[in-house]
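To keep things clear, I will list the structure first and then write my remarks on it.
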Number of protein chains: 2
Amino acid sequence: MLTEERYATILRILEEKKAVTVVELTRALHASESTVRRDLTALHKSGRLYKVYGGATAIDNNYSSAEEDMKTKAGLFNEEKTSIARAAAALIRPRDFVYIDAGTTTLRLIDFITEKSATFVTNGLPHASHLAAKGLKVSILGGELKAVTEAVMGPEALASLRLYNFTKGFFGTNGISPGSGFSTPDASEGLIKRTAIGQCAHAYVLADHSKFNCISPITFANLSSAAIITGKLLDRKYLDYTHIIEGE
Amino acid sequence: MLTEERYATILRILEEKKAVTVVELTRALHASESTVRRDLTALHKSGRLYKVYGGATAIDNNYSSAEEDMKTKAGLFNEEKTSIARAAAALIRPRDFVYIDAGTTTLRLIDFITEKSATFVTNGLPHASHLAAKGLKVSILGGELKAVTEAVMGPEALASLRLYNFTKGFFGTNGISPGSGFSTPDASEGLIKRTAIGQCAHAYVLADHSKFNCISPITFANLSSAAIITGKLLDRKYLDYTHIIEGE
DNA sequence: CAAACTTAGTCAAAGTCAATCAATCACACG
DNA sequence: CGTGTGATTGATTGACTTTGACTAAGTTTG
């Protein structure tokens, strides 16, 4: 079987089952464990799945580009995310210099921006595109592009980030926990987030309630380094660690 | 069997199965492995399939949305532009380090790229997006975004451009003339083009016949600094100034 | 904390590749 | 009718890529 065929089969299985073990794949593909592992490594590198101990899982694919409307409307906690985006956009003041992190939550934020005198910098391709379409001043970070998320990553992005001093920054996250702070599944993504947060006078993390008490592999900041903007705070203990802004 | 018959058969099988091995094709075509390989190489070069190790896969342009089709079909000199794009894409060799200039002509070029081992850098947002969707290695220049063209501009873009040494670069133009060389209407755009061309070992300007003997305000290169890829060369005098590649 | 399992890395074997070459064929020309 | 020319084909080659088995190191689980 061709390499590409195996890739396609693996991704098809993942789409269906969301998670699969190496052993299951060796049977499905009639290939050796070594080959399956190599395939998973390649697909992981190109961002088409997450490799985990013992197998792989489907990408957390709330990211998207073109068919944004369709996907977001189908997305989870849609109302909550909208109210979060609205609350975040309200924080932007005249002549602010704002960093917007790649990701769907922050993408929604752009729709609610009304402040025309602010300047924006982002590492998300769709974000840059939307901001420009609204007639706002926008720059994009340079660097390698990750296919799935359409986000700019890598050493070049990090270097150019360090030149900026943002007044405000808006970030997405996959997990929030008192012990592990804000965390994300991808290492290079985490590195960008960590660096960007360091360049912001005020950092805000946008998170719906499902992200609380979750831990992802890579921590990119501790709780005290950013305020959290969320829909409805269910777990009051987070008030001990950082400032919380509730939407609506 | 005639060469064209084999081509047709291969493409028909691919359309149905999406992937096929060389061995399967030798049986289906009653031809030797050498012949099948030669056919695949030819079809790959002309952008009608992807050659992969062990066989070939169908081209999946699932990213080219209906909207885009409309746009491209509505454009002027559509056929000529397609053949220019095809000829340009065929120039990309394994491990090339390629710059792709923002603009619609170069955007079309991306559809025909079959070389997976090359690395791409671009200043066009849609270009980066398409390249990434095809699973190619791609970086984007950092800098300010121009709203209309979705192209990255400005001092930051210039600075990061100077770090790269491209093996090949593909550019659009608004005017070509013996006296004023290649020219464009926008100053900052011209500056980017000028700098980028300087970083390319081989530069190619893609231009349909309507661009010849036109002059735009800003000259970004003289004729000798880039080869011209065009559909059909009407004015033979340009052969005195630079190398010309005619599509189809 | 030890057994069971998982992993990245190395290696030889099998498979695949582009390049070369001689054989074949069609066609043109004298 | 024979010879030359160019195009196409299939066999062969040495170089390269992929594969699966094995191993030593690391991780999970009871």
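Residue names in the structure tokens use chain letters A, B, ... in the order shown, residue numbers from 1 in each chain, and ligand numbers from 1 in the order shown.
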
Q) Near DA8 (chain C), counting only C-alpha atoms (C1' of nucleotides), which residues have an atom at most 12 Å away, once you skip same-chain residues fewer than 5 positions from it, shown as number ranges by chain? A) A: 34, 37-38, 41; D: 23-26

May I have the residues from that selection written out with C-alpha atoms (C1' of nucleotides), as a CSV table (one decimal), in the first residue's frame?
chain,number,residue,atom,x,y,z
A,34,SER,CA,7.4,0.3,12.9
A,37,ARG,CA,4.7,4.5,14.2
A,38,ARG,CA,6.6,6.3,11.4
A,41,THR,CA,5.1,10.6,13.6
D,23,DT,C1',17.0,-3.7,20.9
D,24,DA,C1',17.8,-0.7,24.6
D,25,DA,C1',15.6,2.8,27.0
D,26,DG,C1',11.5,4.8,28.8

Residue hits in chain C, query chain B, radius 12 Å, only C-alpha atoms (C1' of nucleotides), as a PDB file with C-alpha atoms (C1' of nucleotides), in the first residue's frame:
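Dumped everything to iface06.pdb:
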ATOM      1  C1'  DG C  15      11.255  -2.408  -3.005  1.00  0.00           C
ATOM      2  C1'  DT C  16      11.550   1.717  -5.980  1.00  0.00           C
ATOM      3  C1'  DC C  17      13.859   5.161  -8.659  1.00  0.00           C
ATOM      4  C1'  DA C  18      16.103   7.862 -12.691  1.00  0.00           C
ATOM      5  C1'  DA C  19      19.442   7.170 -16.117  1.00  0.00           C
TER       6       DA C  19
END

Which residues of chain A sit at most 10 Å from chain D, using only C-alpha atoms (C1' of nucleotides)? Give each one's shortest atom pair and distance in Å (one decimal place), in chain and ascending residue order, as a Markdown table.
| residue | atom | partner | partner_atom | distance |
| --- | --- | --- | --- | --- |
| A:Thr3 | CA | D:DT18 | C1' | 9.4 |
| A:Ala31 | CA | D:DG20 | C1' | 8.5 |
| A:Ser32 | CA | D:DG20 | C1' | 6.0 |
| A:Glu33 | CA | D:DG20 | C1' | 8.0 |
| A:Ser34 | CA | D:DG20 | C1' | 6.7 |
| A:Thr35 | CA | D:DT19 | C1' | 6.9 |
| A:Tyr53 | CA | D:DT27 | C1' | 8.4 |

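RMSD of chain A versus chain B, all Cα atoms, in-order pairing, least-squares fit: 18.4 Å.
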
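Counting from CA of Thr105 (chain B), the distance to CA of Gly172 (chain B) is 6.3 Å.
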
Q: Would you please give, as number ranges by chain, all residues of region 100-178 of chain A that DSSP assigns to strand (DSSP E) based on the backbone?
A: A: 100, 119-122, 137-140, 143-146, 151-153, 166-172, 175-177
